[in-house]
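Since the structure comes first, as structure tokens, the remarks are kept for the end.
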Amino acid sequence: GQNIDQPTEMTATEGAIVQINCTYQTSGFNGLFWYQQHAGEAPTFLSYNVLDGLEEKGRFSSFLSRSKGYSYLLLKELQMKDSASYLCAVREIGGGATNKLIFGTGTLLAVQP
Amino acid sequence: EAQVTQNPRYLITVTGKKLTVTCSQNMNHEYMSWYRQDPGLGLRQIYYSMNVEVTDKGDVPEGYKVSRKEKRNFPLILESPSPNQTSLYFCASSPQRGPYNEQFFGPGTRLTVL
């Protein structure tokens, strides 16, 4: 079956680094996405990993280990505006749906001064 | 501006009164999808469409219908809404080919069924 786990809440300090973990179990893996969602707003795309390793995009980096079913999102130089929910989503293959996403419940990050 | 639009953004209705939430994208995307988001449950897929006239059930399709007569539009229909359909709804679209094929989300529709 499908299962995605991520911590419910995290707190960090402005200027610091925070790592948000995501573990998954899926029948047909075809990539992992991280989305950012501010309260009451739409999710917005942050990063994508399909091969093992680290992808870096400015202050945000995402890591994937397919053998371990594990990913993390690393946020550096935290800013107050980074306070949001961070959604881990796995794309599945098979069943005719080439772009089906399974979402975790999200990690609510609070950045404190 | 490339975007996904949804209407209405907010809706309060009563049990059993049919309603439609519209979704439109201007990016010529083949794939479109509807999600509902509930506290503690995350985003769950209701229906999706891989192209015009091609639709299929997601994980929570009961009580919903969709249609895809044109590439840009993917309306969500609630024939007889019930209180358990009170939720935040998102429409999303994505291309079938591309480096990421990430989904672009509309602004959301907050629905309350009394």
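Here's how to read the names in the structure tokens: chain A, B, ... by the order shown, residue numbers from 1 in each chain, ligand numbers from 1 in the order shown.
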
Kindly provide, as JSON, numbers by chain, the residues of chain A having any atom no farther than 12 Å from an atom of chain B, counting only C-alpha atoms.
-> {"A": [2, 3, 4, 5, 6, 7, 8, 9, 30, 31, 32, 33, 34, 35, 36, 37, 38, 39, 40, 41, 42, 43, 44, 45, 46, 47, 48, 49, 50, 85, 86, 87, 88, 89, 90, 91, 95, 96, 97, 98, 99, 100, 101, 102, 103, 104, 105, 106, 107, 108]}

Grab the residues selected above and save them as a short mmCIF file (atom, residue, chain, number, x, y, z; two decimals), in the first residue's frame with N, CA and C atoms.
data_model
loop_
_atom_site.label_atom_id
_atom_site.label_comp_id
_atom_site.auth_asym_id
_atom_site.auth_seq_id
_atom_site.Cartn_x
_atom_site.Cartn_y
_atom_site.Cartn_z
N GLN A 2 0.18 2.38 0.03
CA GLN A 2 0.88 3.65 -0.02
C GLN A 2 0.91 4.24 1.38
N ASN A 3 2.02 4.81 1.79
CA ASN A 3 2.13 5.44 3.08
C ASN A 3 3.24 6.47 3.03
N ILE A 4 2.93 7.68 3.46
CA ILE A 4 3.93 8.73 3.53
C ILE A 4 3.88 9.33 4.93
N ASP A 5 5.04 9.39 5.58
CA ASP A 5 5.11 9.91 6.94
C ASP A 5 6.05 11.10 7.01
N GLN A 6 5.59 12.13 7.69
CA GLN A 6 6.42 13.30 7.96
C GLN A 6 5.96 13.87 9.29
N PRO A 7 6.87 14.56 10.00
CA PRO A 7 6.48 15.10 11.31
C PRO A 7 5.35 16.10 11.15
N THR A 8 4.51 16.18 12.17
CA THR A 8 3.35 17.06 12.11
C THR A 8 3.76 18.52 12.25
N GLU A 9 4.64 18.79 13.17
CA GLU A 9 5.04 20.18 13.43
C GLU A 9 6.52 20.26 13.73
N ASN A 30 7.96 7.02 -8.85
CA ASN A 30 8.35 7.75 -10.04
C ASN A 30 8.63 9.21 -9.70
N GLY A 31 9.25 9.43 -8.56
CA GLY A 31 9.66 10.79 -8.23
C GLY A 31 9.03 11.28 -6.94
N LEU A 32 9.71 12.20 -6.30
CA LEU A 32 9.23 12.77 -5.04
C LEU A 32 9.27 14.28 -5.12
N PHE A 33 8.19 14.91 -4.71
CA PHE A 33 8.05 16.36 -4.74
C PHE A 33 7.97 16.92 -3.33
N TRP A 34 8.46 18.13 -3.18
CA TRP A 34 8.19 18.93 -1.99
C TRP A 34 7.44 20.19 -2.44
N TYR A 35 6.35 20.46 -1.71
CA TYR A 35 5.55 21.65 -1.94
C TYR A 35 5.51 22.48 -0.66
N GLN A 36 5.40 23.78 -0.83
CA GLN A 36 5.20 24.69 0.30
C GLN A 36 3.77 25.20 0.25
N GLN A 37 3.13 25.25 1.41
CA GLN A 37 1.76 25.76 1.45
C GLN A 37 1.59 26.70 2.64
N HIS A 38 1.38 27.98 2.34
CA HIS A 38 1.04 28.93 3.39
C HIS A 38 -0.44 28.77 3.72
N ALA A 39 -0.77 29.12 4.95
CA ALA A 39 -2.13 28.90 5.47
C ALA A 39 -3.17 29.52 4.54
N GLY A 40 -4.14 28.69 4.14
CA GLY A 40 -5.23 29.17 3.29
C GLY A 40 -4.88 29.39 1.84
N GLU A 41 -3.66 29.02 1.45
CA GLU A 41 -3.24 29.24 0.07
C GLU A 41 -2.98 27.91 -0.64
N ALA A 42 -2.71 28.01 -1.94
CA ALA A 42 -2.43 26.82 -2.73
C ALA A 42 -1.01 26.33 -2.49
N PRO A 43 -0.80 25.03 -2.58
CA PRO A 43 0.58 24.51 -2.55
C PRO A 43 1.37 25.03 -3.74
N THR A 44 2.65 25.33 -3.51
CA THR A 44 3.52 25.76 -4.60
C THR A 44 4.74 24.84 -4.64
N PHE A 45 5.17 24.52 -5.84
CA PHE A 45 6.26 23.57 -6.07
C PHE A 45 7.59 24.11 -5.55
N LEU A 46 8.31 23.25 -4.81
CA LEU A 46 9.64 23.62 -4.32
C LEU A 46 10.74 22.82 -5.00
N SER A 47 10.58 21.48 -5.02
CA SER A 47 11.68 20.67 -5.52
C SER A 47 11.17 19.31 -5.98
N TYR A 48 12.04 18.64 -6.73
CA TYR A 48 11.72 17.32 -7.29
C TYR A 48 12.97 16.47 -7.30
N ASN A 49 12.83 15.23 -6.84
CA ASN A 49 13.92 14.26 -6.90
C ASN A 49 13.38 12.97 -7.50
N VAL A 50 14.13 12.42 -8.43
CA VAL A 50 13.77 11.09 -8.95
C VAL A 50 14.95 10.14 -8.84
N SER A 85 3.35 25.18 5.83
CA SER A 85 3.34 23.71 5.80
C SER A 85 4.17 23.24 4.63
N TYR A 86 4.91 22.16 4.83
CA TYR A 86 5.74 21.59 3.78
C TYR A 86 5.21 20.17 3.50
N LEU A 87 4.79 19.98 2.26
CA LEU A 87 4.14 18.74 1.86
C LEU A 87 5.09 17.87 1.05
N CYS A 88 5.23 16.64 1.48
CA CYS A 88 5.99 15.63 0.74
C CYS A 88 4.99 14.86 -0.12
N ALA A 89 5.30 14.65 -1.39
CA ALA A 89 4.37 13.94 -2.27
C ALA A 89 5.16 12.99 -3.17
N VAL A 90 4.67 11.77 -3.28
CA VAL A 90 5.30 10.76 -4.11
C VAL A 90 4.47 10.55 -5.36
N ARG A 91 5.13 10.51 -6.50
CA ARG A 91 4.43 10.23 -7.75
C ARG A 91 4.52 8.73 -8.02
N GLY A 95 -1.18 1.72 -13.51
CA GLY A 95 -2.62 1.93 -13.46
C GLY A 95 -3.12 2.96 -14.43
N GLY A 96 -2.30 3.32 -15.42
CA GLY A 96 -2.73 4.29 -16.43
C GLY A 96 -2.60 5.73 -15.99
N ALA A 97 -2.27 5.96 -14.74
CA ALA A 97 -2.16 7.34 -14.26
C ALA A 97 -0.70 7.70 -14.18
N THR A 98 -0.24 8.51 -15.10
CA THR A 98 1.19 8.77 -15.15
C THR A 98 1.61 9.88 -14.20
N ASN A 99 0.67 10.58 -13.61
CA ASN A 99 1.06 11.70 -12.77
C ASN A 99 0.28 11.72 -11.46
N LYS A 100 -0.04 10.59 -10.92
CA LYS A 100 -0.78 10.52 -9.66
C LYS A 100 0.17 10.83 -8.52
N LEU A 101 -0.22 11.79 -7.70
CA LEU A 101 0.56 12.16 -6.53
C LEU A 101 -0.13 11.67 -5.26
N ILE A 102 0.67 11.09 -4.37
CA ILE A 102 0.20 10.73 -3.04
C ILE A 102 0.88 11.69 -2.07
N PHE A 103 0.08 12.43 -1.32
CA PHE A 103 0.61 13.45 -0.42
C PHE A 103 0.70 12.97 1.02
N GLY A 104 1.75 13.39 1.71
CA GLY A 104 1.78 13.27 3.15
C GLY A 104 0.88 14.34 3.76
N THR A 105 0.72 14.27 5.07
CA THR A 105 -0.19 15.21 5.73
C THR A 105 0.44 16.58 5.96
N GLY A 106 1.75 16.70 5.67
CA GLY A 106 2.40 17.99 5.78
C GLY A 106 3.05 18.22 7.14
N THR A 107 4.11 19.02 7.12
CA THR A 107 4.81 19.43 8.33
C THR A 107 4.66 20.93 8.49
N LEU A 108 4.05 21.34 9.57
CA LEU A 108 3.84 22.76 9.84
C LEU A 108 5.09 23.32 10.53
#

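Residues surrounding Thr13 (chain A) within 10 Å are Ile17, Val18, Glu77, Leu78, Gln79, Met80, Ala110, Val111, Gln112 and Pro113 of chain A [only C-alpha atoms; sequence separation below 4 positions excluded].
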
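Put simply, CA of Lys65 (chain B) is 5.0 Å away from CA of Ile77 (chain B).
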
Test item, strand (DSSP E or B) assignment across region 3-113 of chain B, answer as a ChimeraX atom specification = /B:4-7,10-13,19-25,31-38,42-51,54-57,65-66,73,76-78,87-94,104-105,109-113

Closest to Glu14 (chain A) among A:Glu92, A:Leu54, A:Lys68, A:Leu75, using only C-alpha atoms?
->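 Among the listed residues, the smallest separation from Glu14 (chain A) belongs to A:Leu75.
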
For each of B:Asn51, B:Thr112, B:Thr5, B:Tyr35, take the minimum atom-to-atom distance to Cys23 (chain B), counting only C-alpha atoms, then give the residue where this is smallest.
->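 The answer is B:Thr5, which sits nearest to Cys23 (chain B).
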
Would you list the contacts of Glu62 (chain B) as a PyMOL selection string, taking every protein, DNA or RNA residue within 12 Å and counting only C-alpha atoms, but skipping same-chain residues closer than 2 positions in sequence?
-> chain B and resi 45-47+57-60+64-66+77-82+84-85

For CA of Ile93 (chain A) and CA of Tyr24 (chain A), determine how far apart the two atoms are, in Å to one decimal place.
->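 Computing it gives 14.6 Å between the two atoms.
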
Separation of CA of Met10 (chain A) and CA of Leu74 (chain A), in Å?
->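 Taking CA of Met10 (chain A) and CA of Leu74 (chain A), their separation equals 12.7 Å.
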
May I have the residues within 6 Å of region 60-63 of chain A as a list of chain:residue names, using only C-alpha atoms and disregarding those fewer than 3 positions away in the same chain?
->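 Skipping anything fewer than 3 positions along the chain leaves A:Gly53, A:Leu54, A:Glu55, A:Glu56, A:Lys57, A:Ser71, A:Tyr72, A:Leu73, A:Leu74, A:Leu75.
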